[in-house]
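Structure file final.csv (CSV, C-alpha atoms) follows.
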```
chain,number,residue,atom,x,y,z
A,248,MET,CA,105.0,121.5,118.9
A,249,SER,CA,101.3,121.9,118.5
A,250,ALA,CA,99.1,120.4,121.0
A,251,PRO,CA,97.1,117.4,119.9
A,252,GLY,CA,93.3,118.0,119.6
A,253,GLY,CA,93.2,121.7,120.5
A,254,PRO,CA,94.9,125.1,120.7
A,255,GLN,CA,98.2,125.5,122.5
A,256,LEU,CA,98.6,127.1,125.9
A,257,HIS,CA,100.8,130.2,126.0
A,258,ARG,CA,104.6,129.9,126.7
A,259,ARG,CA,105.2,132.4,129.5
A,260,LEU,CA,107.4,130.7,132.0
A,261,GLY,CA,111.2,131.0,132.2
A,262,THR,CA,113.6,129.0,134.3
A,263,PHE,CA,113.2,131.1,137.4
A,264,ASP,CA,109.4,130.8,137.3
A,265,ALA,CA,109.6,127.1,136.7
A,266,VAL,CA,112.0,126.6,139.6
A,267,THR,CA,109.7,128.7,141.8
A,268,ILE,CA,106.6,126.7,141.0
A,269,GLY,CA,108.4,123.5,141.8
A,270,LEU,CA,109.7,124.8,145.1
A,271,GLY,CA,106.3,126.2,146.0
A,272,SER,CA,104.8,122.8,145.6
A,273,MET,CA,107.6,120.9,147.4
A,274,LEU,CA,108.1,123.1,150.4
A,275,GLY,CA,104.5,123.4,151.4
A,276,ALA,CA,103.9,119.7,150.9
A,277,GLY,CA,106.9,118.4,152.8
A,278,ILE,CA,108.1,120.2,155.9
A,279,PHE,CA,104.8,121.2,157.4
A,280,VAL,CA,102.9,118.0,156.6
A,281,ALA,CA,105.0,114.8,156.0
A,282,LEU,CA,107.6,114.9,158.8
A,283,ALA,CA,105.3,113.7,161.5
A,284,PRO,CA,103.8,110.6,159.9
A,285,ALA,CA,107.3,109.7,158.6
A,286,ALA,CA,108.7,109.9,162.1
A,287,ALA,CA,105.8,107.7,163.3
A,288,ALA,CA,106.9,105.1,160.8
A,289,ALA,CA,110.7,105.3,161.0
A,290,GLY,CA,111.4,106.5,164.5
A,291,ALA,CA,115.1,107.2,164.8
A,292,GLY,CA,115.5,106.2,161.1
A,293,LEU,CA,113.7,109.3,159.8
A,294,LEU,CA,116.8,110.8,158.2
A,295,ILE,CA,117.6,107.5,156.5
A,296,GLY,CA,114.1,107.5,155.0
A,297,LEU,CA,114.6,111.1,153.9
A,298,GLY,CA,117.8,110.0,152.1
A,299,ILE,CA,116.2,107.1,150.3
A,300,ALA,CA,113.3,109.3,149.2
A,301,ALA,CA,115.8,111.8,147.9
A,302,VAL,CA,117.6,109.2,145.8
A,303,VAL,CA,114.4,108.0,144.3
A,304,ALA,CA,113.3,111.6,143.7
A,305,TYR,CA,116.6,112.3,141.9
A,306,CYS,CA,116.2,109.4,139.6
A,307,ASN,CA,112.6,110.4,138.8
A,308,ALA,CA,113.7,114.0,138.3
A,309,THR,CA,116.4,113.0,135.9
A,310,SER,CA,114.1,110.8,133.9
A,311,SER,CA,111.4,113.5,133.9
A,312,ALA,CA,113.8,116.1,132.7
A,313,ARG,CA,115.0,114.0,129.7
A,314,LEU,CA,111.4,113.2,128.7
A,315,ALA,CA,110.1,116.7,129.1
A,316,ALA,CA,112.8,118.1,126.9
A,317,ARG,CA,111.7,115.7,124.1
A,318,TYR,CA,107.9,116.0,124.7
A,319,PRO,CA,107.2,119.7,125.8
A,320,GLU,CA,103.5,119.3,126.1
A,321,SER,CA,101.1,119.7,129.0
A,322,GLY,CA,100.4,116.4,130.8
A,323,GLY,CA,103.9,115.2,132.0
A,324,THR,CA,104.1,111.4,132.3
A,325,TYR,CA,100.7,111.0,130.8
A,326,VAL,CA,102.3,112.2,127.5
A,327,TYR,CA,105.6,110.3,128.1
A,328,GLY,CA,103.9,107.0,128.8
A,329,ARG,CA,101.6,107.4,125.8
A,330,GLU,CA,104.5,108.2,123.4
A,331,ARG,CA,107.1,105.7,124.7
A,332,LEU,CA,105.1,102.7,126.1
A,333,GLY,CA,101.6,102.9,124.6
A,334,GLU,CA,98.3,104.5,125.2
A,335,PHE,CA,97.3,102.3,128.2
A,336,TRP,CA,100.4,103.2,130.2
A,337,GLY,CA,100.0,106.8,129.4
A,338,TYR,CA,96.4,106.6,130.6
A,339,THR,CA,97.4,104.8,133.7
A,340,ALA,CA,100.0,107.4,134.5
A,341,GLY,CA,97.5,110.2,133.9
A,342,TRP,CA,94.8,108.5,136.0
A,343,SER,CA,97.2,107.9,138.9
A,344,PHE,CA,98.4,111.5,138.8
A,345,VAL,CA,95.0,113.0,138.7
A,346,VAL,CA,93.5,110.9,141.6
A,347,GLY,CA,96.7,111.0,143.7
A,348,LYS,CA,97.2,114.7,143.3
A,349,THR,CA,93.6,115.4,143.9
A,350,ALA,CA,94.1,113.8,147.3
A,351,SER,CA,97.2,115.9,147.8
A,352,CYS,CA,95.2,119.0,147.0
A,353,GLY,CA,92.7,118.0,149.7
A,354,ALA,CA,95.4,117.4,152.2
A,355,MET,CA,97.1,120.8,151.4
A,356,ALA,CA,93.8,122.7,151.6
A,357,LEU,CA,93.0,121.1,155.0
A,358,THR,CA,96.5,122.0,156.2
A,359,VAL,CA,95.7,125.6,155.5
A,360,GLY,CA,92.4,125.2,157.4
A,361,TYR,CA,94.0,123.6,160.5
A,362,TYR,CA,96.6,126.2,160.8
A,363,VAL,CA,94.4,129.2,160.1
A,364,TRP,CA,91.2,128.3,161.9
A,365,PRO,CA,91.1,124.7,163.3
A,366,ALA,CA,87.5,124.8,164.4
A,367,TRP,CA,86.4,125.6,160.8
A,368,ALA,CA,89.2,123.8,159.0
A,369,HIS,CA,87.0,122.2,156.3
A,370,ALA,CA,85.3,125.5,155.5
A,371,VAL,CA,88.6,127.4,155.3
A,372,ALA,CA,90.0,124.6,153.0
A,373,VAL,CA,87.1,124.9,150.6
A,374,ALA,CA,87.4,128.7,150.5
A,375,ALA,CA,91.1,128.4,149.8
A,376,VAL,CA,90.4,126.0,146.8
A,377,VAL,CA,87.8,128.4,145.4
A,378,ALA,CA,90.1,131.4,145.6
A,379,LEU,CA,93.1,129.7,144.1
A,380,THR,CA,91.0,128.2,141.3
A,381,ALA,CA,89.8,131.7,140.4
A,382,LEU,CA,93.4,132.9,140.3
A,383,ASN,CA,94.6,130.0,138.1
A,384,TYR,CA,91.6,130.7,135.8
A,385,THR,CA,93.1,134.1,134.9
A,386,GLY,CA,96.4,132.7,133.6
A,387,ILE,CA,99.7,131.1,134.5
A,388,GLN,CA,101.6,134.4,135.0
A,389,LYS,CA,99.5,135.6,137.9
A,390,SER,CA,99.9,132.2,139.6
A,391,ALA,CA,103.7,132.3,139.1
A,392,LEU,CA,103.9,135.8,140.6
A,393,LEU,CA,101.9,134.7,143.7
A,394,THR,CA,104.1,131.6,144.0
A,395,ARG,CA,107.3,133.7,144.1
A,396,ALA,CA,105.9,135.7,147.0
A,397,ILE,CA,104.9,132.5,148.8
A,398,VAL,CA,108.3,130.9,148.4
A,399,VAL,CA,110.1,133.9,149.8
A,400,VAL,CA,107.8,134.0,152.9
A,401,VAL,CA,108.2,130.2,153.5
A,402,LEU,CA,112.0,130.2,153.2
A,403,ALA,CA,112.2,133.2,155.6
A,404,VAL,CA,110.0,131.3,158.1
A,405,LEU,CA,112.0,128.1,157.8
A,406,ALA,CA,115.3,130.0,158.2
A,407,ALA,CA,113.9,131.6,161.4
A,408,VAL,CA,112.9,128.2,162.8
A,409,VAL,CA,116.4,126.8,162.2
A,410,VAL,CA,118.2,129.8,163.7
A,411,VAL,CA,116.0,129.8,166.8
A,412,ILE,CA,116.3,126.1,167.4
A,413,LEU,CA,120.0,125.6,166.7
A,414,GLY,CA,121.2,129.0,167.9
A,415,PHE,CA,119.1,129.6,171.0
A,416,GLY,CA,117.1,126.4,171.8
A,417,ASP,CA,117.8,123.2,173.7
A,418,ALA,CA,118.9,121.2,170.6
A,419,ASP,CA,120.7,118.0,171.4
A,420,VAL,CA,122.3,116.0,168.6
A,421,THR,CA,121.8,112.8,170.4
A,422,ARG,CA,118.0,113.1,170.1
A,423,ILE,CA,118.4,112.7,166.3
A,424,TRP,CA,119.1,109.0,166.6
A,425,SER,CA,117.3,108.3,169.9
A,426,GLY,CA,114.0,106.6,170.2
A,427,SER,CA,112.6,103.4,168.9
A,428,ASP,CA,114.7,100.7,167.2
A,429,ILE,CA,115.2,101.3,163.5
A,430,SER,CA,113.5,98.7,161.2
A,431,ALA,CA,113.9,98.3,157.5
A,432,MET,CA,110.1,98.3,156.9
A,433,GLY,CA,109.6,101.5,159.0
A,434,VAL,CA,112.4,103.3,157.1
A,435,LEU,CA,110.9,102.3,153.7
A,436,GLN,CA,107.4,103.4,154.8
A,437,ALA,CA,108.9,106.7,155.9
A,438,ALA,CA,110.7,107.1,152.6
A,439,GLY,CA,107.4,106.5,150.8
A,440,LEU,CA,105.6,109.1,152.9
A,441,LEU,CA,108.4,111.6,152.5
A,442,PHE,CA,108.3,111.1,148.8
A,443,PHE,CA,105.1,113.0,149.0
A,444,ALA,CA,107.3,116.0,149.9
A,445,PHE,CA,109.5,115.7,146.8
A,446,ALA,CA,106.9,115.2,144.1
A,447,GLY,CA,106.5,118.9,143.5
A,448,TYR,CA,109.0,119.1,140.7
A,449,ALA,CA,106.4,117.3,138.6
A,450,ARG,CA,104.6,120.6,138.3
A,451,ILE,CA,107.5,121.8,136.1
A,452,ALA,CA,107.0,118.9,133.7
A,453,THR,CA,103.2,119.1,133.6
A,454,LEU,CA,103.5,122.8,132.7
A,455,GLY,CA,105.7,121.9,129.7
A,456,GLU,CA,103.5,123.6,127.2
A,457,GLU,CA,103.7,126.9,129.0
A,458,VAL,CA,107.5,127.0,129.4
A,459,ARG,CA,109.7,129.0,127.1
A,460,ASP,CA,112.4,127.0,125.4
A,461,PRO,CA,111.3,123.8,127.2
A,462,ALA,CA,114.2,121.6,125.8
A,463,ARG,CA,116.6,123.8,127.8
A,464,THR,CA,114.5,125.3,130.6
A,465,ILE,CA,112.9,122.1,132.0
A,466,PRO,CA,116.1,120.0,132.3
A,467,HIS,CA,117.7,123.0,134.2
A,468,ALA,CA,114.7,123.8,136.4
A,469,ILE,CA,113.9,120.4,137.7
A,470,PRO,CA,117.3,119.5,139.4
A,471,ILE,CA,117.7,123.1,140.7
A,472,ALA,CA,114.3,122.9,142.5
A,473,LEU,CA,114.9,119.4,143.8
A,474,THR,CA,118.4,120.3,145.1
A,475,ILE,CA,117.1,123.4,147.0
A,476,ALA,CA,114.2,121.4,148.5
A,477,LEU,CA,116.5,118.6,149.6
A,478,LEU,CA,118.9,121.0,151.4
A,479,VAL,CA,116.0,122.8,153.1
A,480,TYR,CA,114.4,119.5,154.2
A,481,GLY,CA,117.6,118.1,155.5
A,482,ILE,CA,118.5,121.2,157.6
A,483,VAL,CA,115.0,121.6,159.0
A,484,ALA,CA,114.6,117.9,159.8
A,485,VAL,CA,117.9,117.8,161.7
A,486,ALA,CA,116.9,120.9,163.7
A,487,VAL,CA,113.5,119.7,164.6
A,488,LEU,CA,114.7,116.2,165.5
A,489,ALA,CA,117.5,117.7,167.7
A,490,GLU,CA,114.9,119.7,169.6
A,491,LEU,CA,112.0,117.3,169.9
A,492,GLY,CA,113.3,113.8,169.2
A,493,SER,CA,111.5,111.3,166.9
A,494,ALA,CA,108.9,110.2,169.4
A,495,THR,CA,107.6,113.7,170.1
A,496,LEU,CA,107.9,114.6,166.4
A,497,ALA,CA,105.7,111.6,165.5
A,498,SER,CA,102.9,112.7,167.9
A,499,THR,CA,102.6,116.4,167.1
A,500,PRO,CA,100.2,117.8,164.4
A,501,ALA,CA,102.4,121.0,164.1
A,502,PRO,CA,106.0,119.9,164.6
A,503,LEU,CA,107.7,123.2,163.6
A,504,ALA,CA,105.5,125.3,165.8
A,505,ASP,CA,106.0,122.9,168.7
A,506,ALA,CA,109.8,122.8,168.1
A,507,VAL,CA,110.0,126.6,168.3
A,508,ALA,CA,107.9,126.6,171.6
A,509,ALA,CA,110.2,123.8,173.0
A,510,ALA,CA,113.2,126.0,172.2
A,511,GLY,CA,111.9,128.7,174.5
A,512,PHE,CA,110.2,131.0,171.9
A,513,PRO,CA,106.4,130.4,172.2
A,514,THR,CA,105.8,133.9,170.9
A,515,LEU,CA,107.1,132.8,167.5
A,516,GLU,CA,104.4,130.1,167.2
A,517,PRO,CA,101.9,132.3,165.4
A,518,MET,CA,104.6,133.3,162.9
A,519,VAL,CA,105.4,129.6,162.2
A,520,ARG,CA,101.7,128.7,161.9
A,521,ALA,CA,101.2,131.6,159.5
A,522,GLY,CA,104.2,130.4,157.5
A,523,ALA,CA,102.8,126.9,157.4
A,524,ALA,CA,99.4,128.2,156.1
A,525,VAL,CA,101.2,130.2,153.4
A,526,ALA,CA,103.4,127.2,152.4
A,527,ALA,CA,100.3,125.0,152.1
A,528,LEU,CA,98.6,127.6,150.0
A,529,GLY,CA,101.7,127.6,147.7
A,530,ALA,CA,101.6,123.8,147.4
A,531,LEU,CA,97.9,123.8,146.8
A,532,LEU,CA,98.3,126.5,144.0
A,533,ALA,CA,100.9,124.5,142.2
A,534,LEU,CA,99.1,121.2,142.7
A,535,ILE,CA,95.9,122.5,141.1
A,536,LEU,CA,97.9,123.9,138.2
A,537,GLY,CA,99.5,120.4,137.6
A,538,VAL,CA,96.2,118.4,137.9
A,539,SER,CA,94.4,120.8,135.6
A,540,ARG,CA,97.1,120.5,132.9
A,541,THR,CA,97.0,116.7,133.1
A,542,THR,CA,93.2,116.8,132.9
A,543,LEU,CA,93.6,119.0,129.8
A,544,ALA,CA,96.0,116.5,128.1
A,545,MET,CA,93.7,113.5,128.9
A,546,ALA,CA,90.6,115.5,127.6
A,547,ARG,CA,92.4,116.2,124.4
A,548,ASP,CA,92.7,112.4,123.9
A,549,ARG,CA,89.1,111.9,125.1
A,550,HIS,CA,90.0,109.9,128.1
A,551,LEU,CA,88.1,112.6,130.0
A,552,PRO,CA,85.2,114.7,128.6
A,553,HIS,CA,86.6,116.5,125.5
A,554,ALA,CA,84.9,119.8,126.7
A,555,LEU,CA,87.7,120.1,129.3
A,556,ALA,CA,90.3,120.5,126.6
A,557,ALA,CA,89.2,124.1,125.9
A,558,VAL,CA,91.8,127.0,126.3
A,559,HIS,CA,90.5,130.4,127.3
A,560,PRO,CA,91.0,132.8,124.3
A,561,ARG,CA,92.0,135.7,126.6
A,562,PHE,CA,93.9,134.2,129.5
A,563,GLY,CA,95.4,131.3,127.7
A,564,SER,CA,94.5,128.9,130.5
A,565,PRO,CA,92.6,125.6,130.4
A,566,HIS,CA,89.7,127.3,132.1
A,567,ARG,CA,87.2,124.4,132.0
A,568,ALA,CA,89.7,121.9,133.4
A,569,GLU,CA,90.6,124.5,136.1
A,570,VAL,CA,87.0,124.8,137.2
A,571,ALA,CA,86.3,121.0,137.1
A,572,VAL,CA,89.4,120.3,139.1
A,573,GLY,CA,88.6,123.0,141.6
A,574,ILE,CA,85.1,121.6,142.2
A,575,VAL,CA,86.4,118.1,142.8
A,576,VAL,CA,89.2,119.3,145.1
A,577,ALA,CA,86.7,121.4,147.1
A,578,VAL,CA,84.5,118.3,147.6
A,579,VAL,CA,87.6,116.3,148.7
A,580,ALA,CA,88.7,119.0,151.0
A,581,ALA,CA,85.3,118.9,152.8
A,582,LEU,CA,85.7,115.2,153.5
A,583,VAL,CA,89.4,114.0,153.5
A,584,ASP,CA,91.6,112.9,156.4
A,585,VAL,CA,95.0,114.5,156.0
A,586,ARG,CA,97.3,111.5,156.9
A,587,ALA,CA,95.2,109.0,154.9
A,588,ALA,CA,95.4,111.4,151.9
A,589,ILE,CA,99.2,111.5,152.2
A,590,GLY,CA,99.5,107.7,152.1
A,591,PHE,CA,97.0,107.4,149.2
A,592,SER,CA,98.7,110.2,147.2
A,593,SER,CA,102.1,108.8,147.7
A,594,PHE,CA,101.1,105.4,146.4
A,595,ALA,CA,99.4,106.8,143.3
A,596,VAL,CA,102.2,109.3,142.5
A,597,LEU,CA,104.9,106.6,143.0
A,598,LEU,CA,103.1,104.5,140.3
A,599,TYR,CA,103.1,107.6,138.1
A,600,TYR,CA,106.8,108.0,138.4
A,601,ALA,CA,107.4,104.3,137.9
A,602,ILE,CA,105.8,104.8,134.5
A,603,ALA,CA,108.0,107.9,133.9
A,604,ASN,CA,111.1,105.9,134.6
A,605,ALA,CA,110.0,103.0,132.4
A,606,SER,CA,109.4,105.6,129.6
A,607,ALA,CA,112.9,107.0,130.1
A,608,TRP,CA,114.4,103.5,130.0
A,609,ASN,CA,112.9,103.2,126.6
A,610,LEU,CA,114.6,106.3,125.3
A,611,GLY,CA,118.1,105.2,124.5
A,612,ALA,CA,121.3,103.3,125.1
A,613,LEU,CA,122.1,100.8,127.9
A,614,GLY,CA,124.3,103.3,129.7
A,615,ALA,CA,121.5,105.8,130.0
A,616,ARG,CA,119.2,103.2,131.6
A,617,ILE,CA,120.9,103.0,135.0
A,618,VAL,CA,119.2,106.0,136.5
A,619,PRO,CA,115.7,105.2,135.3
A,620,GLY,CA,116.2,101.5,136.3
A,621,VAL,CA,117.0,102.5,139.8
A,622,GLY,CA,114.1,105.0,139.8
A,623,LEU,CA,111.7,102.3,138.6
A,624,ALA,CA,112.7,99.8,141.2
A,625,GLY,CA,112.7,102.4,143.9
A,626,CYS,CA,109.2,103.6,143.1
A,627,LEU,CA,107.7,100.2,143.1
A,628,LEU,CA,109.5,99.2,146.3
A,629,LEU,CA,108.4,102.4,148.2
A,630,ALA,CA,104.8,102.2,146.8
A,631,PHE,CA,104.2,98.6,148.1
A,632,THR,CA,105.9,99.1,151.5
A,633,LEU,CA,103.6,102.0,152.4
A,634,PRO,CA,101.0,101.4,155.2
A,635,LEU,CA,98.6,98.7,154.1
A,636,PRO,CA,95.5,100.8,153.9
A,637,ALA,CA,97.2,103.2,151.5
A,638,VAL,CA,98.3,100.2,149.3
A,639,ILE,CA,94.8,98.6,149.3
A,640,VAL,CA,92.9,101.8,148.5
A,641,GLY,CA,95.5,103.0,146.0
A,642,SER,CA,95.6,99.7,144.2
A,643,GLY,CA,91.8,99.6,144.1
A,644,VAL,CA,91.5,103.1,142.6
A,645,VAL,CA,94.2,102.4,139.9
A,646,VAL,CA,92.6,99.1,139.0
A,647,ALA,CA,89.2,100.8,138.7
A,648,GLY,CA,90.7,103.3,136.3
A,649,ALA,CA,92.2,100.5,134.2
A,650,VAL,CA,88.9,98.7,134.1
A,651,ALA,CA,87.2,101.9,132.9
A,652,TYR,CA,89.8,102.2,130.2
A,653,GLY,CA,89.3,98.6,129.1
A,654,LEU,CA,85.5,99.0,128.9
A,655,ARG,CA,85.8,102.3,126.9
A,656,SER,CA,88.3,100.7,124.5
A,657,TRP,CA,86.0,97.7,124.0
A,658,ARG,CA,82.9,99.9,123.3
A,659,SER,CA,84.7,102.4,121.1
A,660,PRO,CA,87.7,100.7,119.4
A,661,ARG,CA,90.2,103.1,117.8
A,662,ARG,CA,90.7,102.9,114.1
```

As structure tokens, what does this structure read like?
Amino acid sequence: MSAPGGPQLHRRLGTFDAVTIGLGSMLGAGIFVALAPAAAAAGAGLLIGLGIAAVVAYCNATSSARLAARYPESGGTYVYGRERLGEFWGYTAGWSFVVGKTASCGAMALTVGYYVWPAWAHAVAVAAVVALTALNYTGIQKSALLTRAIVVVVLAVLAAVVVVILGFGDADVTRIWSGSDISAMGVLQAAGLLFFAFAGYARIATLGEEVRDPARTIPHAIPIALTIALLVYGIVAVAVLAELGSATLASTPAPLADAVAAAGFPTLEPMVRAGAAVAALGALLALILGVSRTTLAMARDRHLPHALAAVHPRFGSPHRAEVAVGIVVAVVAALVDVRAAIGFSSFAVLLYYAIANASAWNLGALGARIVPGVGLAGCLLLAFTLPLPAVIVGSGVVVAGAVAYGLRSWRSPRR
């Protein structure tokens, strides 16, 4: 399928690379960042929130896989919403993704900074964004190779954490459910925050124009990546809760490092911190890839400056979109607060997936609408039960984007 309004990107990714890119995004975004704010919201109900987030993510993944097989272009739900629901909904999905994931990029970059050099966290974050943008500029294959190495390192570190805590630490299964009373609102807020950790499989769909045999590869890669991430999240969350309890977990900025220290192995803390920095780098790399490809798709349709739709003749990358996204993310990384960014990102990305599920609902027969129906309802429920500041700011940014779309349509009506 030819890309609208410009040359195609190069199809270089197979199933293994697609799974790796999805995992690289999810593992870095989830375990090292989202557990603490989720524990603060849900208390002893953290694992229930994780389960709810996983169900919604499964529905979203199934809908995304079906849509990506039919529309194998860069842009993900921006393309699906445009084709199935109309241009406004495609634009709203793309706008929500770009602003939400830009906030995610800032949070991931700052996570690198806080683990590597806390006193200069913002400077390290900006340097990480610049370096990864330069790498992405040179083509998708180099980014995929680096992501493979990152995923191997992160999985090894997480395996070591689990073995140390459960095999040699002071883990107590009663701590998993001890702590504050479980409230429905707290559990739903935790699920919304933990959804931030599952959204990485969207990178596979947004890279659809660079995947070989996308009708087969994408529907296979998305559930594989999601299943692996869920298993890893569940095992690590149980181990950390059994060691720290939900109250301590909620108050620590580095839960895995603190859990290893509490288990009696403080000498392993530097290894865990290094693993967290590497994981966040992997997530940041995959996030920048996804945002730049959605930017490319929106620029092709002139919802963003059309100059950003250029594809590099040698590297086959959307080089102008890469640079533009890198500049914006570097600015965000210099200013953002990590926990506020997670809430805002979760709200925007849940709206993005709500449109994905609505698009999948519009694909076919009644029997095929159960999963996207559950996903749509789940996304809206989790989005509007997030902490109030995230809902207010997120709603304001999405409405501002819709107003800009309306003004542009009024000034330049399409023929």

Which stretch 577-599 of chain A residues have any atom within 12 Å of an atom of stretch 314-326 of chain A, and for each, what is the nearest pair of atoms with distance in Å to one decimal, counting all atoms listed in the file, rows sorted by chain and number, as a tab-separated table?
```
residue	atom	partner	partner_atom	distance
A:Val596	CA	A:Thr324	CA	10.6
A:Leu597	CA	A:Thr324	CA	11.8
A:Leu598	CA	A:Thr324	CA	10.6
A:Tyr599	CA	A:Thr324	CA	7.0
```

Selection near stretch 615-623 of chain A, 9 Å with all atoms listed in the file, sequence-local residues under 5 positions removed, as a list in words: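 The contact residues come out as Val302, Val303, Ala304, Tyr305, Cys306, Asn307, Thr309, Ser310, Tyr600, Ala601, Ile602, Ala603, Asn604, Ala605, Ser606, Ala607, Trp608, Asn609, Leu610 and Leu628 of chain A.
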
Which residue of A:Leu405, A:Ala468, A:Ala356, A:Ala288 approaches A:Ser311 most closely, using all atoms listed in the file: A:Ala468

For A:Ser642: contacts at 12 Å, all atoms listed in the file, fewer than 4 positions along chain excluded, given as a PyMOL selection string: chain A and resi 339+343+346-347+590-598+630-631+633+635-638+646-649

Distance query 12 Å from (97.5, 129.6, 161.4) using only C-alpha atoms, result as JSON, numbers by chain: {"A": [279, 357, 358, 359, 360, 361, 362, 363, 364, 365, 366, 367, 368, 371, 501, 504, 515, 516, 517, 518, 519, 520, 521, 522, 523, 524, 525, 526, 527, 528]}

Kindly output stretch 495-509 of chain A as a PDB file, keeping the file's coordinate frame, after building N, CA, C and O atoms.
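Written output follows (part_17.pdb):
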```pdb
ATOM      1  N   THR A 495     108.443 112.535 170.012  1.00  0.00           N
ATOM      2  CA  THR A 495     107.600 113.700 170.100  1.00  0.00           C
ATOM      3  C   THR A 495     107.201 114.228 168.742  1.00  0.00           C
ATOM      4  O   THR A 495     106.052 114.635 168.510  1.00  0.00           O
ATOM      5  N   LEU A 496     108.143 114.198 167.806  1.00  0.00           N
ATOM      6  CA  LEU A 496     107.900 114.600 166.400  1.00  0.00           C
ATOM      7  C   LEU A 496     106.725 113.811 165.841  1.00  0.00           C
ATOM      8  O   LEU A 496     105.845 114.344 165.152  1.00  0.00           O
ATOM      9  N   ALA A 497     106.708 112.509 166.110  1.00  0.00           N
ATOM     10  CA  ALA A 497     105.700 111.600 165.500  1.00  0.00           C
ATOM     11  C   ALA A 497     104.299 111.938 166.051  1.00  0.00           C
ATOM     12  O   ALA A 497     103.310 111.677 165.357  1.00  0.00           O
ATOM     13  N   SER A 498     104.197 112.502 167.231  1.00  0.00           N
ATOM     14  CA  SER A 498     102.900 112.700 167.900  1.00  0.00           C
ATOM     15  C   SER A 498     102.314 114.076 167.730  1.00  0.00           C
ATOM     16  O   SER A 498     101.192 114.324 168.172  1.00  0.00           O
ATOM     17  N   THR A 499     103.041 115.003 167.129  1.00  0.00           N
ATOM     18  CA  THR A 499     102.600 116.400 167.100  1.00  0.00           C
ATOM     19  C   THR A 499     101.951 116.703 165.723  1.00  0.00           C
ATOM     20  O   THR A 499     102.503 116.342 164.685  1.00  0.00           O
ATOM     21  N   PRO A 500     100.830 117.409 165.702  1.00  0.00           N
ATOM     22  CA  PRO A 500     100.200 117.800 164.400  1.00  0.00           C
ATOM     23  C   PRO A 500     100.912 119.042 163.814  1.00  0.00           C
ATOM     24  O   PRO A 500     100.712 119.333 162.644  1.00  0.00           O
ATOM     25  N   ALA A 501     101.712 119.764 164.616  1.00  0.00           N
ATOM     26  CA  ALA A 501     102.400 121.000 164.100  1.00  0.00           C
ATOM     27  C   ALA A 501     103.824 120.971 164.614  1.00  0.00           C
ATOM     28  O   ALA A 501     104.197 121.705 165.530  1.00  0.00           O
ATOM     29  N   PRO A 502     104.681 120.127 164.023  1.00  0.00           N
ATOM     30  CA  PRO A 502     106.000 119.900 164.600  1.00  0.00           C
ATOM     31  C   PRO A 502     106.904 121.159 164.612  1.00  0.00           C
ATOM     32  O   PRO A 502     107.635 121.358 165.573  1.00  0.00           O
ATOM     33  N   LEU A 503     106.856 122.003 163.605  1.00  0.00           N
ATOM     34  CA  LEU A 503     107.700 123.200 163.600  1.00  0.00           C
ATOM     35  C   LEU A 503     107.305 124.176 164.656  1.00  0.00           C
ATOM     36  O   LEU A 503     108.146 124.760 165.357  1.00  0.00           O
ATOM     37  N   ALA A 504     106.002 124.386 164.800  1.00  0.00           N
ATOM     38  CA  ALA A 504     105.500 125.300 165.800  1.00  0.00           C
ATOM     39  C   ALA A 504     105.875 124.754 167.223  1.00  0.00           C
ATOM     40  O   ALA A 504     106.307 125.514 168.108  1.00  0.00           O
ATOM     41  N   ASP A 505     105.712 123.453 167.435  1.00  0.00           N
ATOM     42  CA  ASP A 505     106.000 122.900 168.700  1.00  0.00           C
ATOM     43  C   ASP A 505     107.554 122.921 168.997  1.00  0.00           C
ATOM     44  O   ASP A 505     107.988 123.096 170.130  1.00  0.00           O
ATOM     45  N   ALA A 506     108.355 122.765 167.947  1.00  0.00           N
ATOM     46  CA  ALA A 506     109.800 122.800 168.100  1.00  0.00           C
ATOM     47  C   ALA A 506     110.244 124.231 168.543  1.00  0.00           C
ATOM     48  O   ALA A 506     111.123 124.392 169.409  1.00  0.00           O
ATOM     49  N   VAL A 507     109.652 125.249 167.963  1.00  0.00           N
ATOM     50  CA  VAL A 507     110.000 126.600 168.300  1.00  0.00           C
ATOM     51  C   VAL A 507     109.555 126.895 169.778  1.00  0.00           C
ATOM     52  O   VAL A 507     110.284 127.532 170.554  1.00  0.00           O
ATOM     53  N   ALA A 508     108.380 126.400 170.161  1.00  0.00           N
ATOM     54  CA  ALA A 508     107.900 126.600 171.600  1.00  0.00           C
ATOM     55  C   ALA A 508     108.849 125.840 172.517  1.00  0.00           C
ATOM     56  O   ALA A 508     109.209 126.368 173.580  1.00  0.00           O
ATOM     57  N   ALA A 509     109.270 124.611 172.161  1.00  0.00           N
ATOM     58  CA  ALA A 509     110.200 123.800 173.000  1.00  0.00           C
ATOM     59  C   ALA A 509     111.541 124.510 173.127  1.00  0.00           C
ATOM     60  O   ALA A 509     112.231 124.349 174.142  1.00  0.00           O
TER      61      ALA A 509
END
```
